[in-house]
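Undergrad: One structure is given below, represented as structure tokens, and several questions about it will come after.
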Amino acid sequence: MSAHSPIRVKTLTIDGRECGAREDQTILEVARENNIFIPTLCNLPGLSNAGACRLCIVEVKGVNKLLPACVTHVSEGMEVTVNSERLAKFRRGILELVFAERNHVCSVCVTNGHCDLQSMALTLGMTHVHFPYRYPRLPVDASHERFVVDHNRCILCSRCVRVCDEIEGAHTWDIMSRGVECRVITDLAQPWGQSESCTGCGKCVQVCPTGALSEKGKSVAEMSKRRQFLPYLTLMREGRR
Amino acid sequence: MTIEELRKIAETERAAQKKFQHHVCVCIAAGCLSGGAEHVRDALNKEVAESGMRNEVLVKGVGCMGLCSAGPLVTVETAVETAVNTDVQMFASVTPEDAPEIIRSLDTGGATGGDLAAAGLHPCPTNVPFFERQKKIVLENSGKIDPERIEDYIAHDGYVALVTAITEMTPLEVIDRVKSSGLRGRGGAGYPTGLKWSTVAKTGEQQKYVICNADEGDPGAFMDRAVLESDPHRVLEGMAIAAYAVGAQQGFIYVRAEYPLAVKHLKTAIKQAERMGLLGNSISGTRFSFHIDIRLGAGAFVCGEETALIASIEGKRGTPRPRPPFPAESGLWECPTLINNVETFANVAPIVRHGAEWFARIGTEKSKGTKVFALAGRVQNTGLIEVPMGITLREIIYDIGGGVPDGKQYKAVQTGGPSGGCIPAEHLDSPVDYESLARIGSIMGSGGMIVMDETSCMVDVAKYFMEFCMSESCGKCIPCRAGTQQLHGILEKITAGEATPADVALLEELCELVRHTSLCGLGQSAPNPVVTTLKYFREEYDAHVTGDGCPAGTCGCGAGTRACRAETRLGAPGSQTSGEVTL
Amino acid sequence: MQTYVGAPQLPSDDKRWKIVEATARRHGREPHALIETLHTVQECFGYLDENALRFVASVLRVPLSRVYGAATFYHFFTLKPKGRHACVVCTGTACYIKGAPLLLKAIEQRYSIKPGETTPDGELSLLTARCLGSCGLAPAAVMDSAVLGKIAPQDILARIERGIHP
């Protein structure tokens, strides 16, 4: 924003609490500033928003559709509901769908105890899965000298794709095919180790919410993720602009 | 090009056509083409040449005549001496071998239907409800003009609206006219067209785009295809008027690569319009410039969703993004973008030409004008129809469609494709307009209308549409990607006779989840076919899960063949309950 | 990794690459021409192989993974060569209601291929179309370029046989 157009301030309520916000902020950003928890999986501050995981859906008075908080901008007098029986049920339903879609077995996972998906399930009180597990047969690619990709644990949040494109600038990752056939790929879907564009920076591994991307040599529950570089890089780049 | 020049071209063309006493029109749109219509046209041309009637008979290839099930269709129009009106005779199921008889019948003039039938032809009366109950605006030229000749379009008042709009009206006046006509988007959702236009117009002076959504993806719908194949200039003219109204300089038509004939006709039409100065720079000597490019779709239903369509034009995977911002504010390359579908644009020129009041007189209070439907399935007359809004489903299916054939019982009509619903007999008298169809759980949709009889199992139909949504889901958001897969799995279990009432309850719960939490319209509407069949045909679901089997006899072992069903019945009486449910 | 300076090298002397290059050039070699250029490749070569994907990526300056992502997103594109003959069965709603599943089943049983597959001898590919737009002719199919309307399972098998062994 240029100095000539001052940013206006909006007031809104989130779960009954009055909040002040800049007009260019999203509901999610304002909620975080006010220590109101909105669950997310695909969102990661410092990366663009996909609006894909749908966990951050909220109710806004006067709007008959549920809106994703990560991409919905605030407006004056907005009345936002984050916590309701209905929303809690939908969020658990979405998580159940994720757990049933691939092969998420926490007890044998490298990120057990450090996993965003696992902790989200605990936070939202997802005690069991109603839907039949699909048990797809998916490969594990350990061709890279330092990293491993296990498609069984991927939730297609596209964080790796975005960090590689937006922060590293390599765009090694993308998503192939569509629907349930979707998979994250490097270059022309070749083994990661043979990728020509990968710089081996490992940012994708660190932003991955689950054990889908991990460092080689880590055993069960040993893989925790370090993401402090992301706000740092974002801040430094803003300063240079 | 001025209005006078346009009139002159029209007069010259009309005079040239009038020289021929007989006009023989052969439908060469996709439906008839696949029945060999091109060979029919060639045979007719050859016959005319051989019988030395080249100066009396004009054989021309035209667009869709509507009654696709009776194709290839040929009409013969003879100017009756001293009279203004003409005599039209239509022939159905024409083969190249019929050409001599048809040409011979021209000489006899007053041949009756009986004479023609005796000569081995299939005369098709045009004074029947199929034709008489229709009201043609979008399809007014379809089946009459040669889609590959701009002169023929101009002779039928083509481009008058465009030239009038840009030389005599302000953009605001054009928008007002569209607004007060009451035209609503024909792509399915029914958003007021004039309102959409004025939102884009208000975005100020900058690069803007007009996109024609011709990515007709509903299985069982071919309205847009017929319009593009039969009367491509009408769509170009509508787009150009829209561009003038909103202030855009560049347009794109996003058309399915699976429609090669439509693409060919569009390419020809764009070239012709550019050559005549009706598209391109400084149209009609004004400051208004507008270019149109074609972009080919590549087989992704989700690209009918406007943000996905935009992503696709930008060369990306066709995944939608959350709205707002709406394309009207931030669309193609983040510029304000107007997106309307083919049929919406096809309505624009007549509205500008005849006025908003004329258009607003047709239809119901909230749904104005006409709607084109592709009528198909278990109905006597299948094909393309255009009806005034407010007509009842019964009139469409029984009067125009001629009812369900083979003495079978009507069961449901499906409108709106994978986003729509199945409407039972009790609602046959419901009028066809946006609100009424929404009230009974379906949608207007883009215009697919599939009639089903007692041989169709409604659970199987729901499964069919869910399979479609599952494989067309882009995979971006979890509820649509994983939810449609789970929904399909449950429906498969039900049709296989392995489900319990608990599965039906889970099905309903999952429908709610997918509908309310999906990112785009595809996911949000994917449960509709299940929800409506559950609402109106619950007993069929119950029969599948209580061991009574499939009432229509199509499910049971997943194969649907008679022999296979017999096997199931004879082989293992207990097999239906053998698959225990694990929850 | 190879660095590209100026116009990228054509993969071979094959004249068809020039047609592909022309499409890219017509769109200013901009990334947004990706799908149009892939259409041209498929039109020229019948399918998209690794060579072609690499060439398109370099000529339009689009990341390899994005090219692959787009090529596999759109079902019109195929990454494998098709058989010498292709039979496309319409699975639109009208055709489904009128027996398209029976057509598919008959072909699948006779030739042991599923939709999207090609027989091991490379003679026949079985494909499905979402809707041919010929609902008046349901159930419809296309054998090579001939449209077959209101066709029964036995007839379609006979027609395929005639196509493969004329």
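Identifiers for the structure tokens are assigned positionally: chains receive A, B, ... in sequence, residues are indexed from 1 per chain, and ligands are indexed from 1 in the order shown.
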Which residues of chain A sit at most 10 Å from chain B, using only C-alpha atoms? Give each one's shortest atom pair and distance in Å (one decimal place), in chain and ascending residue order, as CSV.

TA:
```
residue,atom,partner,partner_atom,distance
A:Cys42,CA,B:Cys477,CA,9.9
A:Asn49,CA,B:Arg321,CA,9.7
A:Ala50,CA,B:Arg321,CA,7.4
A:Gly51,CA,B:Pro322,CA,6.5
A:Ala52,CA,B:Cys477,CA,4.3
A:Cys53,CA,B:Cys477,CA,5.6
A:Arg54,CA,B:Thr517,CA,6.4
A:Leu55,CA,B:Thr517,CA,8.6
A:Cys56,CA,B:Thr517,CA,9.9
A:Ile57,CA,B:Thr517,CA,7.4
A:Val58,CA,B:Thr517,CA,10.0
A:Asn64,CA,B:His516,CA,9.8
A:Lys65,CA,B:His516,CA,7.1
A:Leu66,CA,B:His516,CA,6.7
A:Leu67,CA,B:Thr517,CA,8.5
A:Pro68,CA,B:Pro322,CA,8.1
A:Val71,CA,B:Pro322,CA,7.5
A:Thr72,CA,B:Pro324,CA,7.6
A:His73,CA,B:Pro324,CA,9.0
A:Arg86,CA,B:Leu513,CA,9.9
A:Leu87,CA,B:Thr517,CA,9.5
A:Lys89,CA,B:Leu513,CA,8.8
A:Phe90,CA,B:Leu513,CA,6.0
A:Arg91,CA,B:Thr517,CA,8.8
A:Gly93,CA,B:Leu513,CA,7.0
A:Ile94,CA,B:Pro479,CA,6.1
A:Leu95,CA,B:Ile478,CA,8.7
A:Glu96,CA,B:Ala482,CA,9.7
A:Leu97,CA,B:Ala482,CA,5.9
A:Val98,CA,B:Ile478,CA,7.0
A:Phe99,CA,B:Ala482,CA,9.8
A:Ala100,CA,B:Ala482,CA,8.4
A:Glu101,CA,B:Ala482,CA,6.3
A:Arg102,CA,B:Ala482,CA,9.8
A:Val129,CA,B:Leu583,CA,8.8
A:His130,CA,B:Leu583,CA,6.5
A:Phe131,CA,B:Gln486,CA,7.2
A:Pro132,CA,B:Leu583,CA,7.4
A:Tyr133,CA,B:Gln486,CA,9.2
A:Arg134,CA,B:Gln486,CA,8.7
A:Ile155,CA,B:Ile478,CA,8.5
A:Leu156,CA,B:Lys476,CA,7.6
A:Cys157,CA,B:Lys476,CA,8.1
A:Ser158,CA,B:Lys476,CA,8.8
A:Ile175,CA,B:Arg317,CA,9.0
A:Met176,CA,B:Arg317,CA,9.0
A:Ser177,CA,B:Cys474,CA,8.3
A:Arg178,CA,B:Cys474,CA,4.9
A:Gly179,CA,B:Gly475,CA,3.7
A:Val180,CA,B:Arg481,CA,5.7
A:Glu181,CA,B:Gly475,CA,7.9
A:Cys182,CA,B:Gly475,CA,6.3
A:Arg183,CA,B:Gly475,CA,9.5
```

Undergrad: Can I get the residues of chain C within 10 Å of chain A, each with the closest pair of atoms and their distance in Å to one decimal, using only C-alpha atoms, sorted chain first then ascending number, as CSV?

TA:
```
residue,atom,partner,partner_atom,distance
C:Met1,CA,A:Glu196,CA,6.0
C:Gln2,CA,A:Glu196,CA,9.0
C:Glu50,CA,A:Leu188,CA,7.7
C:Leu53,CA,A:Leu188,CA,8.2
C:Arg54,CA,A:Leu188,CA,8.4
C:Val62,CA,A:His171,CA,9.3
C:Pro63,CA,A:His171,CA,6.2
C:Leu64,CA,A:Asp187,CA,4.8
C:Ser65,CA,A:Asp187,CA,4.0
C:Arg66,CA,A:Asp174,CA,5.9
C:Val67,CA,A:Leu188,CA,7.8
C:Tyr68,CA,A:Leu188,CA,5.5
C:Gly69,CA,A:Met176,CA,4.1
C:Ala70,CA,A:Met176,CA,7.2
C:Ala71,CA,A:Ser177,CA,8.0
C:Thr72,CA,A:Ser177,CA,4.5
C:Phe73,CA,A:Ser177,CA,4.4
C:Tyr74,CA,A:Ser177,CA,7.8
C:His75,CA,A:Ser177,CA,8.8
```

Undergrad: Give me a file of those residues, with N, CA and C atoms, as a compact mmCIF listing (two decimals), in the first residue's frame.

TA:
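File out_38.txt, as written:
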```
# COMPACT_ATOMS: atom_id res chain seq x y z
N MET C 1 22.81 -29.42 -15.38
CA MET C 1 21.59 -29.07 -16.12
C MET C 1 21.94 -28.15 -17.29
N GLN C 2 21.32 -28.44 -18.41
CA GLN C 2 21.58 -27.68 -19.62
C GLN C 2 21.02 -26.26 -19.47
N GLU C 50 8.30 -37.92 -23.41
CA GLU C 50 9.17 -37.14 -22.54
C GLU C 50 9.93 -36.06 -23.31
N LEU C 53 7.62 -33.15 -23.91
CA LEU C 53 7.35 -32.38 -22.71
C LEU C 53 8.55 -31.50 -22.36
N ARG C 54 9.76 -32.05 -22.52
CA ARG C 54 10.97 -31.27 -22.23
C ARG C 54 11.10 -30.10 -23.21
N VAL C 62 8.62 -22.94 -18.98
CA VAL C 62 7.71 -23.41 -17.93
C VAL C 62 8.41 -24.55 -17.19
N PRO C 63 8.35 -24.58 -15.85
CA PRO C 63 8.99 -25.67 -15.12
C PRO C 63 8.50 -27.05 -15.59
N LEU C 64 9.41 -28.01 -15.60
CA LEU C 64 9.06 -29.36 -16.06
C LEU C 64 7.86 -29.93 -15.31
N SER C 65 7.86 -29.73 -14.00
CA SER C 65 6.78 -30.34 -13.22
C SER C 65 5.43 -29.71 -13.55
N ARG C 66 5.45 -28.43 -13.92
CA ARG C 66 4.19 -27.78 -14.29
C ARG C 66 3.68 -28.34 -15.61
N VAL C 67 4.60 -28.60 -16.54
CA VAL C 67 4.20 -29.18 -17.82
C VAL C 67 3.59 -30.56 -17.59
N TYR C 68 4.27 -31.35 -16.76
CA TYR C 68 3.77 -32.70 -16.49
C TYR C 68 2.43 -32.64 -15.75
N GLY C 69 2.34 -31.71 -14.81
CA GLY C 69 1.10 -31.54 -14.06
C GLY C 69 -0.07 -31.21 -14.96
N ALA C 70 0.14 -30.31 -15.91
CA ALA C 70 -0.94 -29.93 -16.83
C ALA C 70 -1.26 -31.07 -17.80
N ALA C 71 -0.21 -31.71 -18.31
CA ALA C 71 -0.42 -32.78 -19.30
C ALA C 71 -1.22 -33.94 -18.71
N THR C 72 -1.06 -34.18 -17.41
CA THR C 72 -1.79 -35.30 -16.80
C THR C 72 -3.13 -34.86 -16.21
N PHE C 73 -3.33 -33.55 -16.07
CA PHE C 73 -4.60 -33.06 -15.53
C PHE C 73 -5.71 -33.20 -16.57
N TYR C 74 -5.37 -32.89 -17.81
CA TYR C 74 -6.38 -32.87 -18.87
C TYR C 74 -6.46 -34.23 -19.56
N HIS C 75 -7.63 -34.81 -19.54
CA HIS C 75 -7.76 -36.17 -20.07
C HIS C 75 -7.68 -36.26 -21.58
```

Undergrad: Give me, as a tab-separated table, each residue of chain B that comes within 8 Å of chain C, together with its shortest interatomic pair and the distance in Å at one decimal, counting only C-alpha atoms, with rows ordered by chain and rising residue number.

TA:
```
residue	atom	partner	partner_atom	distance
B:Ala30	CA	C:Ser134	CA	6.9
B:Gly31	CA	C:Ser134	CA	5.2
B:Ser34	CA	C:Val147	CA	5.2
B:Gly35	CA	C:Val147	CA	7.4
B:Cys68	CA	C:Gly136	CA	5.2
B:Ser69	CA	C:Gly136	CA	4.5
B:Gly217	CA	C:Arg130	CA	7.7
B:Asp218	CA	C:Cys131	CA	7.7
B:Pro219	CA	C:Gly92	CA	4.3
B:Gly220	CA	C:Thr93	CA	5.0
B:Ala221	CA	C:Gly133	CA	6.5
B:Phe222	CA	C:Gly133	CA	5.0
B:Arg225	CA	C:Gly133	CA	7.6
B:Ala257	CA	C:Phe76	CA	7.9
B:Glu258	CA	C:Leu132	CA	7.8
B:Arg295	CA	C:Glu36	CA	7.1
B:Leu296	CA	C:Glu36	CA	6.9
B:Ala298	CA	C:Phe76	CA	4.9
B:Gly299	CA	C:Phe76	CA	4.9
B:Ala300	CA	C:Tyr74	CA	5.7
B:Ser312	CA	C:Ile35	CA	7.7
B:Ile313	CA	C:His32	CA	6.9
B:Glu314	CA	C:His32	CA	4.5
B:Gly315	CA	C:His32	CA	4.1
B:Lys316	CA	C:Ala70	CA	6.1
B:Arg317	CA	C:Ala70	CA	4.9
B:Gly318	CA	C:Phe73	CA	7.6
B:Ala376	CA	C:Ala94	CA	5.9
B:Gly377	CA	C:Ala94	CA	4.7
B:Arg378	CA	C:Lys98	CA	7.8
B:Thr382	CA	C:Gly136	CA	5.2
B:Gly383	CA	C:Gly136	CA	5.6
B:Ile450	CA	C:Ala94	CA	6.4
B:Met452	CA	C:Ile97	CA	7.3
B:Ser456	CA	C:Ile97	CA	6.8
B:Cys474	CA	C:Phe73	CA	7.8
B:Gly560	CA	C:Leu102	CA	7.9
B:Thr561	CA	C:Leu102	CA	7.5
```

Undergrad: Using backbone DSSP assignments, extract all strand (DSSP E) residues from region 12-117 of chain C; output them as an NGL selection string.

TA: :C and (85-90)

Undergrad: Taking the chain letters and numbering used in this document, name the residues of region 153-311 of chain B that DSSP puts in alpha helix (DSSP H), as a ChimeraX atom specification.

TA: /B:153-155,160-168,171-181,193-201,223-230,232-246,260-275,306-311

Undergrad: Env of region 259-263 of chain B: 10 Å cut, atoms = only C-alpha atoms, seq-sep filter 3 positions within chain, self excluded. Answer as a count of residues only.

TA: 30

Undergrad: What does the distance between CA of Gly125 (chain A) and CA of Arg92 (chain A) come to in Å, to one decimal place?

TA: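 Between CA of Gly125 (chain A) and CA of Arg92 (chain A) the gap works out to 7.4 Å.
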
Undergrad: As a list in words, please: the residues near Ala158 (chain C) (cut-off 12 Å, only C-alpha atoms, same-chain neighbours under 6 positions excluded).

TA: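 So, after excluding close chain neighbours, the residues are Leu103, Ala106, Ile107, Arg110, Met143, Leu148, Ile151, Ala152, Ile164, His165 and Pro166 of chain C.
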
Undergrad: How many Å lie between CA of Val149 (chain A) and CA of Ser214 (chain A), rounded to one decimal?

TA: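 Interatomic distance here is 6.7 Å.
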
Undergrad: Arg29 (chain C): which residues within 7 Å, counting only C-alpha atoms, same-chain residues fewer than 5 positions away excluded, as a CSV table (one decimal) with C-alpha atoms, in the first residue's frame?

TA:
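Written file, out_35.csv:
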```
chain,number,residue,atom,x,y,z
C,24,ALA,CA,4.7,-21.5,-29.3
C,59,VAL,CA,10.5,-23.3,-25.4
C,60,LEU,CA,7.8,-21.7,-23.2
```

Undergrad: Work out how far CA of Glu274 (chain B) is from CA of Ser289 (chain B), in Å to one decimal.

TA: 10.9 Å
